[in-house]
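K.L.:
Just one file: start-v7.pdb, with PDB, C-alpha atoms and all ligand atoms.
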ATOM      1  CA  VAL A   1      -2.630  -3.057   9.226  1.00  0.00           C
ATOM      2  CA  LEU A   2      -2.728   0.685   9.767  1.00  0.00           C
ATOM      3  CA  LEU A   3       0.300   0.602  12.084  1.00  0.00           C
ATOM      4  CA  ALA A   4       2.229  -1.413   9.496  1.00  0.00           C
ATOM      5  CA  GLU A   5       1.300   1.033   6.741  1.00  0.00           C
ATOM      6  CA  LEU A   6       2.397   4.009   8.842  1.00  0.00           C
ATOM      7  CA  MET A   7       5.737   2.329   9.548  1.00  0.00           C
ATOM      8  CA  LEU A   8       6.237   1.302   5.927  1.00  0.00           C
ATOM      9  CA  GLN A   9       6.082   4.849   4.567  1.00  0.00           C
ATOM     10  CA  ARG A  10       9.451   5.520   2.900  1.00  0.00           C
ATOM     11  CA  THR A  11      10.947   2.607   4.823  1.00  0.00           C
ATOM     12  CA  ARG A  12      12.112  -0.816   3.665  1.00  0.00           C
ATOM     13  CA  ALA A  13       9.780  -3.683   4.545  1.00  0.00           C
ATOM     14  CA  ASP A  14      12.576  -5.955   5.781  1.00  0.00           C
ATOM     15  CA  LEU A  15      13.580  -3.303   8.336  1.00  0.00           C
ATOM     16  CA  VAL A  16       9.995  -2.721   9.423  1.00  0.00           C
ATOM     17  CA  VAL A  17       9.112  -6.356  10.243  1.00  0.00           C
ATOM     18  CA  PRO A  18      11.075  -6.757  13.535  1.00  0.00           C
ATOM     19  CA  VAL A  19      10.156  -3.250  14.718  1.00  0.00           C
ATOM     20  CA  TYR A  20       6.507  -3.831  13.881  1.00  0.00           C
ATOM     21  CA  ARG A  21       6.525  -7.114  15.825  1.00  0.00           C
ATOM     22  CA  GLU A  22       8.157  -5.484  18.809  1.00  0.00           C
ATOM     23  CA  GLY A  23       5.700  -2.593  18.720  1.00  0.00           C
ATOM     24  CA  LEU A  24       2.719  -4.924  18.512  1.00  0.00           C
ATOM     25  CA  ALA A  25       4.011  -7.010  21.433  1.00  0.00           C
ATOM     26  CA  ARG A  26       4.471  -3.906  23.595  1.00  0.00           C
ATOM     27  CA  TRP A  27       1.287  -2.127  22.579  1.00  0.00           C
ATOM     28  CA  PRO A  28      -1.245  -4.649  21.255  1.00  0.00           C
ATOM     29  CA  THR A  29      -4.026  -2.097  20.820  1.00  0.00           C
ATOM     30  CA  ALA A  30      -4.280   1.474  19.578  1.00  0.00           C
ATOM     31  CA  ALA A  31      -5.327   2.503  23.090  1.00  0.00           C
ATOM     32  CA  ASP A  32      -2.131   0.933  24.506  1.00  0.00           C
ATOM     33  CA  LEU A  33      -0.020   2.827  21.964  1.00  0.00           C
ATOM     34  CA  ALA A  34      -1.876   6.082  22.578  1.00  0.00           C
ATOM     35  CA  GLY A  35      -1.022   5.829  26.280  1.00  0.00           C
ATOM     36  CA  ALA A  36       2.610   4.857  25.714  1.00  0.00           C
ATOM     37  CA  GLU A  37       5.551   6.888  26.923  1.00  0.00           C
ATOM     38  CA  PRO A  38       6.768   8.903  23.880  1.00  0.00           C
ATOM     39  CA  ARG A  39      10.398   8.222  24.722  1.00  0.00           C
ATOM     40  CA  THR A  40       9.817   4.455  24.720  1.00  0.00           C
ATOM     41  CA  VAL A  41       8.024   4.664  21.373  1.00  0.00           C
ATOM     42  CA  ALA A  42      10.892   6.730  19.961  1.00  0.00           C
ATOM     43  CA  GLU A  43      13.399   4.108  21.116  1.00  0.00           C
ATOM     44  CA  THR A  44      11.368   1.350  19.489  1.00  0.00           C
ATOM     45  CA  LEU A  45      11.201   3.253  16.198  1.00  0.00           C
ATOM     46  CA  ARG A  46      14.863   4.276  16.217  1.00  0.00           C
ATOM     47  CA  PRO A  47      16.051   1.392  13.932  1.00  0.00           C
ATOM     48  CA  LEU A  48      13.726   2.798  11.252  1.00  0.00           C
ATOM     49  CA  GLY A  49      14.913   6.372  11.711  1.00  0.00           C
ATOM     50  CA  LEU A  50      11.320   7.287  12.497  1.00  0.00           C
ATOM     51  CA  SER A  51      11.784   8.803  15.929  1.00  0.00           C
ATOM     52  CA  HIS A  52      10.626  12.159  14.531  1.00  0.00           C
ATOM     53  CA  ARG A  53       7.243  10.635  13.709  1.00  0.00           C
ATOM     54  CA  VAL A  54       6.436   9.648  17.295  1.00  0.00           C
ATOM     55  CA  SER A  55       4.011  12.450  18.073  1.00  0.00           C
ATOM     56  CA  ARG A  56       2.139  11.842  14.810  1.00  0.00           C
ATOM     57  CA  LEU A  57       1.972   8.110  15.518  1.00  0.00           C
ATOM     58  CA  LEU A  58       0.676   8.693  19.033  1.00  0.00           C
ATOM     59  CA  GLU A  59      -1.901  11.145  17.708  1.00  0.00           C
ATOM     60  CA  ALA A  60      -3.003   8.573  15.117  1.00  0.00           C
ATOM     61  CA  ALA A  61      -3.257   5.899  17.816  1.00  0.00           C
ATOM     62  CA  ALA A  62      -5.364   8.214  19.975  1.00  0.00           C
ATOM     63  CA  MET A  63      -7.780   8.769  17.079  1.00  0.00           C
ATOM     64  CA  CYS A  64      -8.072   4.984  16.638  1.00  0.00           C
ATOM     65  CA  ARG A  65      -8.508   4.292  20.341  1.00  0.00           C
ATOM     66  CA  ASP A  66     -12.074   3.074  19.832  1.00  0.00           C
ATOM     67  CA  GLY A  67     -11.291   1.237  16.615  1.00  0.00           C
ATOM     68  CA  VAL A  68      -9.618   2.015  13.324  1.00  0.00           C
ATOM     69  CA  PRO A  69     -12.048   4.000  11.148  1.00  0.00           C
ATOM     70  CA  ARG A  70     -13.932   2.066   8.508  1.00  0.00           C
ATOM     71  CA  THR A  71     -14.499   4.860   6.012  1.00  0.00           C
ATOM     72  CA  ARG A  72     -12.018   6.482   3.656  1.00  0.00           C
ATOM     73  CA  ASN A  73     -12.773  10.025   4.792  1.00  0.00           C
ATOM     74  CA  ARG A  74     -12.362   9.212   8.457  1.00  0.00           C
ATOM     75  CA  LEU A  75      -9.149   7.326   7.778  1.00  0.00           C
ATOM     76  CA  LEU A  76      -7.771  10.258   5.787  1.00  0.00           C
ATOM     77  CA  ALA A  77      -8.356  12.441   8.842  1.00  0.00           C
ATOM     78  CA  VAL A  78      -5.894  10.313  10.841  1.00  0.00           C
ATOM     79  CA  PRO A  79      -2.422  11.946  10.941  1.00  0.00           C
ATOM     80  CA  GLY A  80      -0.002  10.355   8.483  1.00  0.00           C
ATOM     81  CA  VAL A  81      -2.697   8.500   6.548  1.00  0.00           C
ATOM     82  CA  GLY A  82      -2.885   9.203   2.817  1.00  0.00           C
ATOM     83  CA  PRO A  83      -4.934   7.539   0.074  1.00  0.00           C
ATOM     84  CA  TYR A  84      -2.651   4.498  -0.132  1.00  0.00           C
ATOM     85  CA  ALA A  85      -2.672   3.728   3.605  1.00  0.00           C
ATOM     86  CA  ALA A  86      -6.420   4.399   3.815  1.00  0.00           C
ATOM     87  CA  THR A  87      -7.211   2.049   0.942  1.00  0.00           C
ATOM     88  CA  ALA A  88      -4.798  -0.622   2.150  1.00  0.00           C
ATOM     89  CA  THR A  89      -6.449  -0.526   5.570  1.00  0.00           C
ATOM     90  CA  LEU A  90      -9.956  -0.753   4.120  1.00  0.00           C
ATOM     91  CA  CYS A  91      -9.001  -3.699   1.917  1.00  0.00           C
ATOM     92  CA  PHE A  92      -6.514  -5.676   4.019  1.00  0.00           C
ATOM     93  CA  ALA A  93      -8.175  -5.085   7.405  1.00  0.00           C
ATOM     94  CA  TYR A  94     -11.843  -4.875   6.447  1.00  0.00           C
ATOM     95  CA  GLY A  95     -11.962  -6.817   3.178  1.00  0.00           C
ATOM     96  CA  ARG A  96     -13.362  -3.938   1.129  1.00  0.00           C
ATOM     97  CA  ARG A  97     -13.254  -4.467  -2.640  1.00  0.00           C
ATOM     98  CA  LEU A  98     -10.881  -1.592  -3.367  1.00  0.00           C
ATOM     99  CA  ALA A  99      -7.679  -1.441  -5.386  1.00  0.00           C
ATOM    100  CA  VAL A 100      -4.465  -0.514  -3.642  1.00  0.00           C
ATOM    101  CA  VAL A 101      -2.449   1.758  -5.925  1.00  0.00           C
ATOM    102  CA  ASP A 102       1.272   2.317  -5.613  1.00  0.00           C
ATOM    103  CA  PRO A 103       3.865   3.067  -8.330  1.00  0.00           C
ATOM    104  CA  SER A 104       4.351  -0.597  -9.225  1.00  0.00           C
ATOM    105  CA  VAL A 105       0.592  -1.219  -9.489  1.00  0.00           C
ATOM    106  CA  ILE A 106       0.337   1.881 -11.683  1.00  0.00           C
ATOM    107  CA  ARG A 107       2.880   0.315 -14.051  1.00  0.00           C
ATOM    108  CA  VAL A 108       0.794  -2.851 -14.343  1.00  0.00           C
ATOM    109  CA  VAL A 109      -2.517  -1.026 -14.738  1.00  0.00           C
ATOM    110  CA  THR A 110      -1.335   1.445 -17.364  1.00  0.00           C
ATOM    111  CA  ARG A 111       0.496  -1.180 -19.418  1.00  0.00           C
ATOM    112  CA  LEU A 112      -2.372  -3.640 -19.197  1.00  0.00           C
ATOM    113  CA  THR A 113      -5.239  -1.266 -19.945  1.00  0.00           C
ATOM    114  CA  GLY A 114      -3.601   1.462 -22.001  1.00  0.00           C
ATOM    115  CA  VAL A 115      -5.078   4.064 -19.625  1.00  0.00           C
ATOM    116  CA  SER A 116      -2.488   6.724 -18.903  1.00  0.00           C
ATOM    117  CA  SER A 117      -2.252   9.752 -16.693  1.00  0.00           C
ATOM    118  CA  ASP A 118      -1.092  13.217 -17.664  1.00  0.00           C
ATOM    119  CA  ARG A 119      -0.375  14.087 -14.049  1.00  0.00           C
ATOM    120  CA  SER A 120       3.199  14.361 -12.831  1.00  0.00           C
ATOM    121  CA  ARG A 121       2.144  12.125  -9.929  1.00  0.00           C
ATOM    122  CA  PRO A 122      -0.156   9.503 -11.469  1.00  0.00           C
ATOM    123  CA  ARG A 123      -0.986   8.088  -8.041  1.00  0.00           C
ATOM    124  CA  THR A 124      -3.062  11.219  -7.430  1.00  0.00           C
ATOM    125  CA  ASP A 125      -5.101  10.632 -10.610  1.00  0.00           C
ATOM    126  CA  PRO A 126      -8.658   9.385  -9.936  1.00  0.00           C
ATOM    127  CA  ARG A 127      -8.712   7.745 -13.404  1.00  0.00           C
ATOM    128  CA  ILE A 128      -5.873   5.443 -12.392  1.00  0.00           C
ATOM    129  CA  TRP A 129      -7.592   4.515  -9.131  1.00  0.00           C
ATOM    130  CA  LYS A 130     -10.871   3.876 -10.931  1.00  0.00           C
ATOM    131  CA  THR A 131      -9.207   1.773 -13.638  1.00  0.00           C
ATOM    132  CA  ALA A 132      -7.333  -0.256 -11.015  1.00  0.00           C
ATOM    133  CA  GLY A 133     -10.578  -0.766  -9.102  1.00  0.00           C
ATOM    134  CA  ASP A 134     -12.479  -1.817 -12.202  1.00  0.00           C
ATOM    135  CA  LEU A 135      -9.967  -4.623 -12.761  1.00  0.00           C
ATOM    136  CA  ILE A 136     -10.935  -6.379  -9.518  1.00  0.00           C
ATOM    137  CA  GLY A 137     -13.400  -9.047 -10.485  1.00  0.00           C
ATOM    138  CA  THR A 138     -16.373  -9.751  -8.245  1.00  0.00           C
ATOM    139  CA  SER A 139     -15.327 -13.380  -7.881  1.00  0.00           C
ATOM    140  CA  VAL A 140     -11.844 -12.760  -6.484  1.00  0.00           C
ATOM    141  CA  ASN A 141     -10.759 -12.093  -2.934  1.00  0.00           C
ATOM    142  CA  PRO A 142      -9.762  -8.401  -2.963  1.00  0.00           C
ATOM    143  CA  ARG A 143      -6.933  -8.952  -0.456  1.00  0.00           C
ATOM    144  CA  GLU A 144      -5.389 -11.683  -2.604  1.00  0.00           C
ATOM    145  CA  TRP A 145      -5.929  -9.580  -5.742  1.00  0.00           C
ATOM    146  CA  ASN A 146      -4.087  -6.613  -4.271  1.00  0.00           C
ATOM    147  CA  PHE A 147      -1.213  -8.734  -2.961  1.00  0.00           C
ATOM    148  CA  ALA A 148      -0.924 -10.314  -6.415  1.00  0.00           C
ATOM    149  CA  MET A 149      -0.898  -6.918  -8.164  1.00  0.00           C
ATOM    150  CA  LEU A 150       1.692  -5.513  -5.749  1.00  0.00           C
ATOM    151  CA  ASP A 151       3.902  -8.578  -6.256  1.00  0.00           C
ATOM    152  CA  LEU A 152       3.417  -8.557 -10.021  1.00  0.00           C
ATOM    153  CA  GLY A 153       4.432  -4.900 -10.235  1.00  0.00           C
ATOM    154  CA  ALA A 154       7.421  -5.368  -7.919  1.00  0.00           C
ATOM    155  CA  ILE A 155       8.768  -8.611  -9.389  1.00  0.00           C
ATOM    156  CA  VAL A 156       7.580  -9.046 -12.990  1.00  0.00           C
ATOM    157  CA  CYS A 157       6.152  -5.817 -14.407  1.00  0.00           C
ATOM    158  CA  ARG A 158       9.241  -3.865 -13.473  1.00  0.00           C
ATOM    159  CA  PRO A 159      10.372  -0.702 -15.282  1.00  0.00           C
ATOM    160  CA  LYS A 160      12.036  -3.171 -17.669  1.00  0.00           C
ATOM    161  CA  PRO A 161       9.218  -5.732 -17.736  1.00  0.00           C
ATOM    162  CA  ARG A 162       9.702  -9.496 -17.810  1.00  0.00           C
ATOM    163  CA  CYS A 163       6.705 -10.138 -20.016  1.00  0.00           C
ATOM    164  CA  HIS A 164       7.810 -13.660 -20.891  1.00  0.00           C
ATOM    165  CA  GLU A 165       7.278 -14.562 -17.185  1.00  0.00           C
ATOM    166  CA  CYS A 166       3.985 -12.690 -16.809  1.00  0.00           C
ATOM    167  CA  PRO A 167       0.688 -14.547 -16.348  1.00  0.00           C
ATOM    168  CA  LEU A 168      -1.164 -11.596 -17.907  1.00  0.00           C
ATOM    169  CA  VAL A 169       0.803 -11.437 -21.125  1.00  0.00           C
ATOM    170  CA  ARG A 170      -1.937 -12.842 -23.340  1.00  0.00           C
ATOM    171  CA  TRP A 171      -4.298 -10.010 -22.288  1.00  0.00           C
ATOM    172  CA  CYS A 172      -1.690  -7.250 -22.235  1.00  0.00           C
ATOM    173  CA  PRO A 173      -1.098  -5.062 -25.302  1.00  0.00           C
ATOM    174  CA  THR A 174       2.240  -3.883 -23.910  1.00  0.00           C
ATOM    175  CA  GLY A 175       3.332  -7.467 -23.332  1.00  0.00           C
ATOM    176  CA  ARG A 176       2.476  -8.389 -26.927  1.00  0.00           C
ATOM    177  CA  ARG A 177       4.394  -5.368 -28.184  1.00  0.00           C
ATOM    178  CA  VAL A 178       7.410  -6.335 -26.073  1.00  0.00           C
ATOM    179  CA  ALA A 179       7.228  -9.863 -27.488  1.00  0.00           C
ATOM    180  CA  THR A 180       7.389  -8.591 -31.063  1.00  0.00           C
ATOM    181  CA  SER A 181       9.713  -5.601 -30.695  1.00  0.00           C
ATOM    182  CA  GLY A 182      11.749  -6.526 -27.611  1.00  0.00           C
ATOM    183  CA  GLY A 183      11.062  -3.223 -25.777  1.00  0.00           C
ATOM    184  CA  VAL A 184       8.287  -1.374 -23.885  1.00  0.00           C
TER     185      VAL A 184
HETATM  186  S1  LIG B 201       2.733  -8.587 -19.953  1.00  0.00           S
HETATM  187 FE1  LIG B 201       4.516  -7.307 -19.508  1.00  0.00          FE
HETATM  188  S2  LIG B 201       3.805  -5.173 -19.549  1.00  0.00           S
HETATM  189 FE2  LIG B 201       1.985  -6.538 -19.421  1.00  0.00          FE
HETATM  190  S3  LIG B 201       1.526  -6.655 -17.229  1.00  0.00           S
HETATM  191 FE3  LIG B 201       2.846  -8.401 -17.734  1.00  0.00          FE
HETATM  192  S4  LIG B 201       4.970  -7.721 -17.352  1.00  0.00           S
HETATM  193 FE4  LIG B 201       3.640  -5.896 -17.429  1.00  0.00          FE
END
Would you encode the structure as structure tokens?
Ligand code: SF4

P.N.:
Amino acid sequence: VLLAELMLQRTRADLVVPVYREGLARWPTAADLAGAEPRTVAETLRPLGLSHRVSRLLEAAAMCRDGVPRTRNRLLAVPGVGPYAATATLCFAYGRRLAVVDPSVIRVVTRLTGVSSDRSRPRTDPRIWKTAGDLIGTSVNPREWNFAMLDLGAIVCRPKPRCHECPLVRWCPTGRRVATSGGV
């Protein structure tokens, strides 16, 4: 999960998939990757234009040699890992009940709850993270919840939302407003 998140940063998912598979086949563990020849890693990453990130990736692999960290603070200490990658790893790899927050999830959360952020980069706002986390019910699988929120934000709750297709519309004040006025 962590390797995928590091590759996905500012890179299209459809380009990452074959490179990720090749990387995993060559270096199945973090220890394998940490001991890899930098030039070979650079060649593998070339289709993604990520050759410049090789040393950071190898450093990250070395820090995960004995296992990917299981706490947020230790994950954030790994080179290249920010709050999104740390949370995604904790949820998708370890099943922790944490919300993954990216720009599309922020759209859903703010429209659905009315909570807004006055920061220029709302993804750095703890209120947004807390609100997103509070939405995860105790009875749902957090991995499935996060995948659903990411998909909802990417496909339905787009900048121009498709509220008439949204399963949350009956609970969403923005969706009701769109239904009556035709705009966000
Ligand atoms: S009802 Fe509309 S605004 Fe609300 S979450 Fe769904 S798509 Fe987004």

K.L.:
Just so the selection is clear, what residues does the PyMOL selection byres (((chain A and resi 4) around 10) and not hetatm) cover here, as a ChimeraX atom specification?

P.N.:
/A:1-3,5-9,13,16-17,19-21,23-24,85,89

K.L.:
Just want the residues within 8 Å of ligand LIG 201 (chain B), written as a list of chain:residue names, counting all atoms listed in the file.

P.N.:
A:Arg107, A:Val108, A:Val109, A:Arg111, A:Leu112, A:Leu152, A:Gly153, A:Val156, A:Cys157, A:Arg158, A:Pro161, A:Arg162, A:Cys163, A:His164, A:Glu165, A:Cys166, A:Pro167, A:Leu168, A:Val169, A:Arg170, A:Trp171, A:Cys172, A:Pro173, A:Thr174, A:Gly175, A:Arg176, A:Val178, A:Val184

K.L.:
So what do you get for atom CA of A:Thr87 versus atom CA of A:Val100, distance-wise?

P.N.:
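Taking atom CA of A:Thr87 and atom CA of A:Val100, their separation equals 5.9 Å.
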
K.L.:
Out of A:Gly35, A:Gly49, A:Gly95, A:Pro28, which residue has the shortest atom-to-atom distance to A:Pro142 when counting all atoms listed in the file?

P.N.:
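For A:Pro142, the nearest of the given residues is A:Gly95.
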
K.L.:
Would you work out the distance separating atom CA of A:Pro38 from atom CA of A:Val81, expressed in Å to one decimal?

P.N.:
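Value for the atom CA of A:Pro38-atom CA of A:Val81 distance: 19.8 Å.
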
K.L.:
Would you give the centre and edge lengths, in Å to one decimal, of a box along x, y and z around the listed atoms of stretch 5-24 of chain A, with 4 Å added to each side, as AutoDock Vina command-line options?

P.N.:
--center_x 7.4 --center_y -0.8 --center_z 10.9 --size_x 20.3 --size_y 20.6 --size_z 23.9

K.L.:
How many Å separate atom CA of A:Ala60 from atom CA of A:Pro47?

P.N.:
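Separation between atom CA of A:Ala60 and atom CA of A:Pro47: 20.4 Å.
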
K.L.:
Pick out the closest residue to A:Arg46 from this set: A:Ala86, A:Leu15, A:Val68, A:Ala62. Count all atoms listed in the file.

P.N.:
A:Leu15

K.L.:
Excluding same-chain residues fewer than 3 positions from A:Ala31, what lies within 9 Å of it counting all atoms listed in the file, as number ranges by chain?

P.N.:
A: 27-28, 34-36, 61-62, 64-67

K.L.:
Output C-alpha atoms for every residue in the selection just made, as a PDB file, keeping the file's coordinate frame.

P.N.:
ATOM      1  CA  TRP A  27       1.287  -2.127  22.579  1.00  0.00           C
ATOM      2  CA  PRO A  28      -1.245  -4.649  21.255  1.00  0.00           C
ATOM      3  CA  ALA A  34      -1.876   6.082  22.578  1.00  0.00           C
ATOM      4  CA  GLY A  35      -1.022   5.829  26.280  1.00  0.00           C
ATOM      5  CA  ALA A  36       2.610   4.857  25.714  1.00  0.00           C
ATOM      6  CA  ALA A  61      -3.257   5.899  17.816  1.00  0.00           C
ATOM      7  CA  ALA A  62      -5.364   8.214  19.975  1.00  0.00           C
ATOM      8  CA  CYS A  64      -8.072   4.984  16.638  1.00  0.00           C
ATOM      9  CA  ARG A  65      -8.508   4.292  20.341  1.00  0.00           C
ATOM     10  CA  ASP A  66     -12.074   3.074  19.832  1.00  0.00           C
ATOM     11  CA  GLY A  67     -11.291   1.237  16.615  1.00  0.00           C
TER      12      GLY A  67
END

K.L.:
Go through A:Arg177, A:Arg70, A:Arg96, A:Asp14 one by one, measure the shortest atom-to-atom distance of each to A:Gly133 using only C-alpha atoms, and give the residue with the smallest value.

P.N.:
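Smallest distance to A:Gly133 is found for A:Arg96.
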
K.L.:
Taking all atoms listed in the file into account, name the residue in A:Ser104, A:Ala42, A:Pro18, A:Asp134 that is nearest to A:Ala148.

P.N.:
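Nearest candidate to A:Ala148 out of A:Ser104, A:Ala42, A:Pro18, A:Asp134: A:Ser104.
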
K.L.:
So, counting only C-alpha atoms, which residue among A:Arg119, A:Arg56, A:Arg26, A:Arg74 is closest to A:Thr44?

P.N.:
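Comparing A:Arg119, A:Arg56, A:Arg26, A:Arg74 against A:Thr44, the winner is A:Arg26.
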
K.L.:
Of the candidates A:Ala99, A:Val54, A:Ala179, A:Val115, which shows the shortest atom-to-atom distance to A:Thr40, using only C-alpha atoms?

P.N.:
A:Val54
